[in-house]
Amino acid sequence: MTELAYPSGLQPSYGGPSLQAVRDLLDLRGVYRFRDLTVEGLAFHSGEVRPGTLFFAIPGHAHDGADFVDEAIKRGAVAVVAEKAMTVSVPVMVVDDVRDALAKVACYFYSNPSASLPVIGVTGTNGKTTVAHLIRHCLETDGKQAGLLGTIAYEYAGRRIPATTTTPDAVRVQGYLREMADRALHACVMEVSSHALTQSRVRGVDFKVGVFLNLTPEHLDYHKDMRSYANAKAELFRNLSGGGIACLNIDDPASEVMYAAMPDGVAVRTFGRHPEAHFRAENVRCSLDGSRFTLCMPHGKVDVNIPLVGEHNVDNAVAAAAAVHALGVSELTIATALEIAAPPRGRLELVGERHGTRVFVDYAHTPDALSKVCGAMRELGDGPLSVVFGCGGDRDKTKRPEMARIVGEIADKAYLTSDNPRSEDPEVILDDMAAGLNGVDGEFFRVSDRADAIERAVRGASAGETVLIAGKGHEAYQAVGDTVVPFDDVEVARAALDGGRRKDRRW
């Protein structure tokens, strides 16, 4: 069975719940042609339907699941959950919110796995991947097996499934958690996006620990304003149960929104630079080889030297320390683990060095993240700084000139290029970006072909120069029109360092 056809969890041979049990679970507005039967699987994409599947017709931004019901029935769907009645040959259950119904049924279908598996949810605009990676690393250093659901991949028990979204859909979330629980893992660390929270992907997950990192402008094309964005993040903390623990960034004002959303009985642990934080960093000293600081924890202080670059990664390490301490990991183990933690793929990853020129790849694709990583490279490097970056198509256009201005004010040379242009003309995106460079001094290059931009920046770098390639990080593709073109910043940069040139399609 393929990964898409049967994402995870309960095998068909074991049987599943009855449709009557599903009916009893949901608040229904109507039921048509009902008959009881066994539900063997759940799907909301018609291409994933197999015989015995309960199909959820989710209305989306681009497509309405109701338009694919006939195809789902042809593929073997035995019943449909929808937001409107429809004339089909199988039972139809009508609900107010199909996404919410899917989350409830998925949790029930997989027997509520988070009830027996501690789940740590990490949310925030920037740093989720690094913090989740560090949490998992600390848990494993403590001898605990931990799964990971995040932006780069979904990993557990020797499996590694490349991620398509930061937080998977409700069926996969519950299915993966079920497998982790069945394999007796000690915990799961999950990156939780604001989209996932508003789309009920993690509804029904009993989070043991919720971690809030920061809130900066992002996804405003979706959330419309910062208040709505903050409220979306707060949903994670609103659903913490009594006995849960919230780890909040004391330095970010949006933590007040998270705190206000929490129910009674949730404990709070703070992290940050404020002297009253339960976990904080002091005496921070950073270089391009790593970061040294004093990690202050409830029972003492310890000097640590981590192989992660930049003060923002010091903050990420402190956040991870707070989260794993909440799960009972000792302070000594935390310090030991952080000292041997490697950065995750594409997060200020050192691609290579030639004649004193260092090339880094980073995922920074928001104004705040780009400002922090560019600032770190500017401060820590001994020579000039060149930055290659772009802005995604069909996404928030307001951040394009702001990101260009940030790079223009910090870097010596800025290469404006493509980054997943999708349906937009790359040159139009570059026009929007270039508007932010008006009145800014520096060398600016407009190169829509991303491979060409990377090669120019790397090959044109002088001895001692730092080259930062920002925006895509771990991603190994470019989304162009309706196609996905293989593309890897690390691969292109490494070839440029070695004097070679990519021969495949260029973007």
# chains A, B, ... in the order shown; residues from 1 in each chain; ligands from 1
$ residues_around --residues "segment 126-129 of chain A" --least-positions-apart "2" --cutoff "7 Å" --atoms "only C-alpha atoms" --output "ChimeraX atom specification"
/A:122-124,131-133,150-151,191,214,316,369
$ closest_atom_pairs --of "segment 174-229 of chain A" --to "segment 265-280 of chain A" --cutoff "10 Å" --atoms "only C-alpha atoms" --output "CSV"
residue,atom,partner,partner_atom,distance
A:Lys208,CA,A:Val266,CA,9.7
A:Val209,CA,A:Val266,CA,9.5
A:Gly210,CA,A:Val268,CA,9.7
A:Val211,CA,A:Arg269,CA,9.4
A:Phe212,CA,A:Thr270,CA,9.7
A:Leu213,CA,A:Phe271,CA,9.2
$ write_last_selection --atoms "N, CA and C atoms" --output "CSV table (one decimal), in the first residue's frame"
chain,number,residue,atom,x,y,z
A,208,LYS,N,0.8,17.6,25.7
A,208,LYS,CA,1.3,17.7,27.0
A,208,LYS,C,2.0,19.0,27.3
A,209,VAL,N,2.7,19.4,26.2
A,209,VAL,CA,3.5,20.7,26.3
A,209,VAL,C,3.2,21.5,25.1
A,210,GLY,N,3.0,22.8,25.3
A,210,GLY,CA,2.8,23.7,24.2
A,210,GLY,C,3.9,24.8,24.3
A,211,VAL,N,4.6,25.0,23.2
A,211,VAL,CA,5.7,26.0,23.2
A,211,VAL,C,5.4,27.1,22.2
A,212,PHE,N,5.5,28.3,22.7
A,212,PHE,CA,5.3,29.5,21.8
A,212,PHE,C,6.6,30.3,21.7
A,213,LEU,N,7.0,30.5,20.4
A,213,LEU,CA,8.3,31.1,20.2
A,213,LEU,C,8.3,32.6,19.9
$ closest_residue --among "A:Ser194, A:Ser448, A:Thr466, A:Asn112" --to "His355 of chain A" --atoms "only C-alpha atoms"
A:Thr466
$ residues_around --residues "Phe389 of chain A" --least-positions-apart "2" --cutoff "12 Å" --atoms "only C-alpha atoms" --output "PyMOL selection string"
chain A and resi 361-367+370+374+386-387+391-392+400+403-408+411+413-420+429-430+433-434+444-451+453-454+457+467-473+489
$ closest_residue --among "A:Asp142, A:Asp225, A:Glu353, A:Glu235" --to "Ala261 of chain A" --atoms "only C-alpha atoms"
A:Glu235
$ closest_residue --among "A:Ser371, A:Thr164, A:Thr141, A:Thr125" --to "Lys233 of chain A" --atoms "only C-alpha atoms"
A:Thr125
$ select_by_dssp --residues "segment 61-240 of chain A" --states "strand (DSSP E or B)" --output "PyMOL selection string"
chain A and resi 64+79-82+92-94+119-123+146-149+153-156+159-162+187-191+207-212
$ write_last_selection --atoms "C-alpha atoms" --output "PDB file, in the first residue's frame"
ATOM      1  CA  ASP A  64     -14.591  21.963  -3.356  1.00  0.00           C
ATOM      2  CA  ALA A  79     -20.203   6.997   2.785  1.00  0.00           C
ATOM      3  CA  VAL A  80     -19.702  10.766   2.637  1.00  0.00           C
ATOM      4  CA  VAL A  81     -19.478  13.535   5.212  1.00  0.00           C
ATOM      5  CA  ALA A  82     -20.312  16.919   3.677  1.00  0.00           C
ATOM      6  CA  VAL A  92     -24.413  11.103   3.394  1.00  0.00           C
ATOM      7  CA  MET A  93     -23.980  12.794   6.776  1.00  0.00           C
ATOM      8  CA  VAL A  94     -24.293  16.586   6.757  1.00  0.00           C
ATOM      9  CA  VAL A 119       2.970  15.280  22.498  1.00  0.00           C
ATOM     10  CA  ILE A 120       4.981  18.514  22.460  1.00  0.00           C
ATOM     11  CA  GLY A 121       3.560  21.175  20.138  1.00  0.00           C
ATOM     12  CA  VAL A 122       5.848  23.956  18.926  1.00  0.00           C
ATOM     13  CA  THR A 123       4.338  27.053  17.321  1.00  0.00           C
ATOM     14  CA  ALA A 146      10.801  10.460  20.109  1.00  0.00           C
ATOM     15  CA  GLY A 147       8.941  10.954  16.865  1.00  0.00           C
ATOM     16  CA  LEU A 148       8.994  14.194  14.901  1.00  0.00           C
ATOM     17  CA  LEU A 149       6.330  15.763  12.701  1.00  0.00           C
ATOM     18  CA  ALA A 153      10.013  15.353   7.375  1.00  0.00           C
ATOM     19  CA  TYR A 154       7.790  13.123   9.485  1.00  0.00           C
ATOM     20  CA  GLU A 155      10.132  10.752  11.343  1.00  0.00           C
ATOM     21  CA  TYR A 156       9.592   7.935  13.813  1.00  0.00           C
ATOM     22  CA  ARG A 159      10.651   5.818   9.071  1.00  0.00           C
ATOM     23  CA  ARG A 160      11.304   9.101   7.291  1.00  0.00           C
ATOM     24  CA  ILE A 161       8.506  10.555   5.161  1.00  0.00           C
ATOM     25  CA  PRO A 162       9.328  13.839   3.368  1.00  0.00           C
ATOM     26  CA  ALA A 187       7.027  11.227  22.966  1.00  0.00           C
ATOM     27  CA  CYS A 188       6.266  13.061  19.744  1.00  0.00           C
ATOM     28  CA  VAL A 189       7.492  16.545  18.885  1.00  0.00           C
ATOM     29  CA  MET A 190       5.222  18.377  16.434  1.00  0.00           C
ATOM     30  CA  GLU A 191       5.620  21.662  14.618  1.00  0.00           C
ATOM     31  CA  PHE A 207      -0.743  18.212  23.895  1.00  0.00           C
ATOM     32  CA  LYS A 208       1.291  17.658  27.028  1.00  0.00           C
ATOM     33  CA  VAL A 209       3.506  20.685  26.341  1.00  0.00           C
ATOM     34  CA  GLY A 210       2.828  23.740  24.186  1.00  0.00           C
ATOM     35  CA  VAL A 211       5.739  25.970  23.154  1.00  0.00           C
ATOM     36  CA  PHE A 212       5.267  29.513  21.814  1.00  0.00           C
TER      37      PHE A 212
END
$ closest_residue --among "A:Arg183, A:Leu327, A:Ile58, A:Tyr108" --to "Leu19 of chain A" --atoms "only C-alpha atoms"
A:Tyr108
$ residues_around --residues "Val314 of chain A" --least-positions-apart "3" --cutoff "10 Å" --atoms "only C-alpha atoms" --output "mmCIF file with N, CA and C atoms, in the first residue's frame"
data_model
loop_
_atom_site.group_PDB
_atom_site.id
_atom_site.type_symbol
_atom_site.label_atom_id
_atom_site.label_comp_id
_atom_site.auth_asym_id
_atom_site.auth_seq_id
_atom_site.Cartn_x
_atom_site.Cartn_y
_atom_site.Cartn_z
ATOM 1 N N GLY A 272 13.640 33.080 27.610
ATOM 2 C CA GLY A 272 13.970 34.323 26.926
ATOM 3 C C GLY A 272 15.195 34.972 27.530
ATOM 4 N N ARG A 280 16.973 31.048 30.568
ATOM 5 C CA ARG A 280 17.493 32.195 29.839
ATOM 6 C C ARG A 280 18.971 32.000 29.506
ATOM 7 N N ALA A 281 19.441 32.826 28.588
ATOM 8 C CA ALA A 281 20.846 32.797 28.183
ATOM 9 C C ALA A 281 21.532 34.073 28.661
ATOM 10 N N GLU A 282 22.731 33.919 29.187
ATOM 11 C CA GLU A 282 23.559 35.049 29.602
ATOM 12 C C GLU A 282 24.942 34.911 28.966
ATOM 13 N N VAL A 284 26.306 35.785 26.125
ATOM 14 C CA VAL A 284 26.267 35.163 24.796
ATOM 15 C C VAL A 284 27.426 35.661 23.943
ATOM 16 N N ARG A 285 28.150 34.712 23.336
ATOM 17 C CA ARG A 285 29.247 35.020 22.426
ATOM 18 C C ARG A 285 29.110 34.113 21.208
ATOM 19 N N CYS A 286 28.930 34.725 20.048
ATOM 20 C CA CYS A 286 28.686 33.954 18.830
ATOM 21 C C CYS A 286 29.826 34.120 17.834
ATOM 22 N N GLY A 290 29.905 28.661 15.850
ATOM 23 C CA GLY A 290 28.963 28.236 16.872
ATOM 24 C C GLY A 290 28.689 29.344 17.865
ATOM 25 N N SER A 291 28.098 28.974 19.001
ATOM 26 C CA SER A 291 27.688 29.972 19.999
ATOM 27 C C SER A 291 28.008 29.476 21.402
ATOM 28 N N ARG A 292 28.563 30.368 22.222
ATOM 29 C CA ARG A 292 28.831 30.082 23.629
ATOM 30 C C ARG A 292 27.928 30.956 24.485
ATOM 31 N N PHE A 293 27.399 30.389 25.558
ATOM 32 C CA PHE A 293 26.584 31.181 26.469
ATOM 33 C C PHE A 293 26.401 30.434 27.773
ATOM 34 N N LEU A 295 23.754 28.996 30.167
ATOM 35 C CA LEU A 295 22.357 28.577 30.191
ATOM 36 C C LEU A 295 21.871 28.566 31.636
ATOM 37 N N ASN A 305 28.538 25.345 24.814
ATOM 38 C CA ASN A 305 29.084 25.737 23.514
ATOM 39 C C ASN A 305 28.354 24.922 22.459
ATOM 40 N N ILE A 306 27.421 25.547 21.741
ATOM 41 C CA ILE A 306 26.613 24.802 20.785
ATOM 42 C C ILE A 306 27.085 25.081 19.356
ATOM 43 N N LEU A 308 25.581 25.781 16.732
ATOM 44 C CA LEU A 308 24.593 26.524 15.963
ATOM 45 C C LEU A 308 24.978 27.995 15.945
ATOM 46 N N VAL A 309 24.818 28.622 14.795
ATOM 47 C CA VAL A 309 25.318 29.985 14.581
ATOM 48 C C VAL A 309 24.212 31.014 14.807
ATOM 49 N N GLY A 310 24.535 32.081 15.520
ATOM 50 C CA GLY A 310 23.625 33.212 15.634
ATOM 51 C C GLY A 310 22.870 33.276 16.951
ATOM 52 N N GLU A 311 22.580 34.502 17.390
ATOM 53 C CA GLU A 311 21.864 34.672 18.647
ATOM 54 C C GLU A 311 20.452 34.111 18.579
ATOM 55 N N ALA A 317 17.742 27.368 21.355
ATOM 56 C CA ALA A 317 18.255 26.365 22.295
ATOM 57 C C ALA A 317 17.631 26.526 23.673
ATOM 58 N N VAL A 318 17.454 27.765 24.114
ATOM 59 C CA VAL A 318 16.845 28.013 25.425
ATOM 60 C C VAL A 318 15.384 27.569 25.422
ATOM 61 N N ALA A 319 14.672 27.820 24.315
ATOM 62 C CA ALA A 319 13.281 27.368 24.217
ATOM 63 C C ALA A 319 13.200 25.851 24.306
ATOM 64 N N ALA A 320 14.103 25.165 23.612
ATOM 65 C CA ALA A 320 14.119 23.697 23.655
ATOM 66 C C ALA A 320 14.417 23.197 25.062
#
$ select_by_dssp --residues "segment 35-119 of chain A" --states "alpha helix (DSSP H)" --output "ChimeraX atom specification"
/A:69-74,98-109
$ residues_around --residues "Arg35 of chain A" --least-positions-apart "4" --cutoff "9 Å" --atoms "only C-alpha atoms" --output "ChimeraX atom specification"
/A:19-20,90-91
$ closest_atom_pairs --of "segment 132-238 of chain A" --to "segment 39-57 of chain A" --cutoff "10 Å" --atoms "only C-alpha atoms" --output "tab-separated table"
residue	atom	partner	partner_atom	distance
A:Asp169	CA	A:Phe44	CA	9.5
A:Ala170	CA	A:Ala43	CA	9.9
A:Val171	CA	A:Leu42	CA	6.9
A:Arg172	CA	A:Leu42	CA	9.8
$ write_last_selection --atoms "C-alpha atoms" --output "mmCIF file, in the first residue's frame"
data_model
loop_
_atom_site.group_PDB
_atom_site.id
_atom_site.type_symbol
_atom_site.label_atom_id
_atom_site.label_comp_id
_atom_site.auth_asym_id
_atom_site.auth_seq_id
_atom_site.Cartn_x
_atom_site.Cartn_y
_atom_site.Cartn_z
ATOM 1 C CA ASP A 169 -3.637 16.655 7.845
ATOM 2 C CA ALA A 170 -5.784 15.298 10.670
ATOM 3 C CA VAL A 171 -5.791 11.737 9.309
ATOM 4 C CA ARG A 172 -2.024 11.554 9.107
#
$ residues_around --residues "Glu218 of chain A" --least-positions-apart "3" --cutoff "9 Å" --atoms "only C-alpha atoms" --output "PyMOL selection string"
chain A and resi 125+215+221-223+226+229+366-367+396+399
$ closest_residue --among "A:Val359, A:Leu37, A:Leu236, A:Pro253" --to "Ala21 of chain A" --atoms "only C-alpha atoms"
A:Leu37
$ atom_distance --atom1 "atom CA of Ala323 of chain A" --atom2 "atom CA of Ile250 of chain A"
14.0 Å
$ closest_residue --among "A:Asp368, A:Glu427, A:Glu379, A:Asp441" --to "Gly393 of chain A" --atoms "only C-alpha atoms"
A:Glu427
$ decode --residues "segment 198-342 of chain A" --atoms "C-alpha atoms" --output "compact mmCIF listing (two decimals), in the first residue's frame"
# COMPACT_ATOMS: atom_id res chain seq x y z
CA THR A 198 -7.35 27.11 12.01
CA GLN A 199 -8.02 24.10 9.78
CA SER A 200 -8.56 21.69 12.70
CA ARG A 201 -5.64 19.44 11.71
CA VAL A 202 -4.59 18.96 15.34
CA ARG A 203 -8.07 19.07 16.89
CA GLY A 204 -8.29 16.19 19.33
CA VAL A 205 -4.54 15.99 20.00
CA ASP A 206 -3.90 16.09 23.74
CA PHE A 207 -0.74 18.21 23.90
CA LYS A 208 1.29 17.66 27.03
CA VAL A 209 3.51 20.68 26.34
CA GLY A 210 2.83 23.74 24.19
CA VAL A 211 5.74 25.97 23.15
CA PHE A 212 5.27 29.51 21.81
CA LEU A 213 8.34 31.07 20.19
CA ASN A 214 7.43 34.40 18.60
CA LEU A 215 4.97 36.24 16.40
CA THR A 216 6.08 38.41 13.48
CA PRO A 217 4.23 39.38 10.27
CA GLU A 218 3.65 36.31 8.06
CA HIS A 219 0.70 34.64 6.33
CA LEU A 220 -1.29 37.87 6.49
CA ASP A 221 -2.73 37.03 3.09
CA TYR A 222 -4.46 34.19 4.97
CA HIS A 223 -5.02 35.60 8.47
CA LYS A 224 -5.60 39.22 7.31
CA ASP A 225 -4.19 40.88 10.45
CA MET A 226 -1.84 40.22 13.37
CA ARG A 227 -4.67 39.85 15.89
CA SER A 228 -6.21 37.02 13.90
CA TYR A 229 -2.76 35.48 13.42
CA ALA A 230 -2.10 35.57 17.17
CA ASN A 231 -5.52 34.09 17.93
CA ALA A 232 -4.78 31.24 15.52
CA LYS A 233 -1.56 30.45 17.41
CA ALA A 234 -3.41 30.69 20.72
CA GLU A 235 -5.62 27.76 19.71
CA LEU A 236 -2.77 25.43 20.69
CA PHE A 237 -2.81 26.79 24.24
CA ARG A 238 -6.58 27.05 24.40
CA ASN A 239 -6.71 23.28 24.01
CA LEU A 240 -4.08 22.36 26.58
CA SER A 241 -5.67 20.18 29.22
CA GLY A 242 -5.29 20.44 32.97
CA GLY A 243 -1.85 19.21 33.94
CA GLY A 244 -0.38 20.47 30.67
CA ILE A 245 2.58 22.84 30.52
CA ALA A 246 2.91 26.02 28.45
CA CYS A 247 6.42 27.22 27.61
CA LEU A 248 6.19 30.90 26.63
CA ASN A 249 8.71 33.39 25.27
CA ILE A 250 8.71 36.06 27.95
CA ASP A 251 10.29 38.56 25.54
CA ASP A 252 7.45 38.41 22.99
CA PRO A 253 4.32 40.46 23.82
CA ALA A 254 2.15 37.92 21.97
CA SER A 255 2.81 35.48 24.81
CA GLU A 256 0.11 37.39 26.68
CA VAL A 257 -2.40 36.21 24.06
CA MET A 258 -1.30 32.61 24.57
CA TYR A 259 -1.48 32.97 28.35
CA ALA A 260 -4.98 34.46 28.23
CA ALA A 261 -6.20 31.56 26.11
CA MET A 262 -5.08 28.84 28.53
CA PRO A 263 -7.59 27.01 30.73
CA ASP A 264 -7.13 26.64 34.46
CA GLY A 265 -4.66 24.01 35.62
CA VAL A 266 -1.99 24.64 32.97
CA ALA A 267 1.48 25.34 34.35
CA VAL A 268 3.66 28.05 32.79
CA ARG A 269 7.40 28.05 32.20
CA THR A 270 9.02 31.08 30.61
CA PHE A 271 12.14 31.40 28.51
CA GLY A 272 13.97 34.32 26.93
CA ARG A 273 16.53 36.99 27.81
CA HIS A 274 14.49 38.70 30.54
CA PRO A 275 16.13 38.21 33.97
CA GLU A 276 12.89 36.77 35.38
CA ALA A 277 12.63 34.01 32.74
CA HIS A 278 12.80 30.48 34.14
CA PHE A 279 15.20 29.57 31.31
CA ARG A 280 17.49 32.19 29.84
CA ALA A 281 20.85 32.80 28.18
CA GLU A 282 23.56 35.05 29.60
CA ASN A 283 27.04 36.02 28.42
CA VAL A 284 26.27 35.16 24.80
CA ARG A 285 29.25 35.02 22.43
CA CYS A 286 28.69 33.95 18.83
CA SER A 287 30.97 33.15 15.90
CA LEU A 288 30.56 31.52 12.51
CA ASP A 289 31.65 28.26 14.18
CA GLY A 290 28.96 28.24 16.87
CA SER A 291 27.69 29.97 20.00
CA ARG A 292 28.83 30.08 23.63
CA PHE A 293 26.58 31.18 26.47
CA THR A 294 25.59 30.55 30.05
CA LEU A 295 22.36 28.58 30.19
CA CYS A 296 20.39 29.56 33.27
CA MET A 297 17.84 27.01 34.49
CA PRO A 298 15.75 26.69 37.66
CA HIS A 299 18.42 24.74 39.55
CA GLY A 300 21.58 26.39 38.35
CA LYS A 301 23.72 27.72 35.54
CA VAL A 302 26.03 25.97 33.10
CA ASP A 303 28.31 27.21 30.32
CA VAL A 304 27.55 25.59 26.97
CA ASN A 305 29.08 25.74 23.51
CA ILE A 306 26.61 24.80 20.78
CA PRO A 307 27.46 24.26 17.09
CA LEU A 308 24.59 26.52 15.96
CA VAL A 309 25.32 29.99 14.58
CA GLY A 310 23.62 33.21 15.63
CA GLU A 311 21.86 34.67 18.65
CA HIS A 312 18.50 33.54 17.29
CA ASN A 313 19.75 29.96 17.62
CA VAL A 314 20.78 30.66 21.20
CA ASP A 315 17.15 31.65 21.79
CA ASN A 316 16.02 28.46 20.03
CA ALA A 317 18.26 26.37 22.29
CA VAL A 318 16.84 28.01 25.42
CA ALA A 319 13.28 27.37 24.22
CA ALA A 320 14.12 23.70 23.66
CA ALA A 321 15.65 23.48 27.13
CA ALA A 322 12.44 24.76 28.69
CA ALA A 323 10.32 22.25 26.77
CA VAL A 324 12.34 19.12 27.56
CA HIS A 325 12.78 20.14 31.19
CA ALA A 326 8.98 20.15 31.37
CA LEU A 327 9.11 16.47 30.38
CA GLY A 328 11.53 15.61 33.16
CA VAL A 329 14.88 15.72 31.37
CA SER A 330 17.64 16.74 33.79
CA GLU A 331 19.47 20.02 33.43
CA LEU A 332 22.81 18.22 33.06
CA THR A 333 21.44 16.11 30.20
CA ILE A 334 20.01 19.19 28.52
CA ALA A 335 23.37 20.96 28.58
CA THR A 336 25.17 17.87 27.31
CA ALA A 337 22.67 17.36 24.49
CA LEU A 338 22.80 20.96 23.29
CA GLU A 339 26.59 20.83 22.99
CA ILE A 340 26.43 17.95 20.51
CA ALA A 341 23.37 19.08 18.55
CA ALA A 342 23.82 19.63 14.82
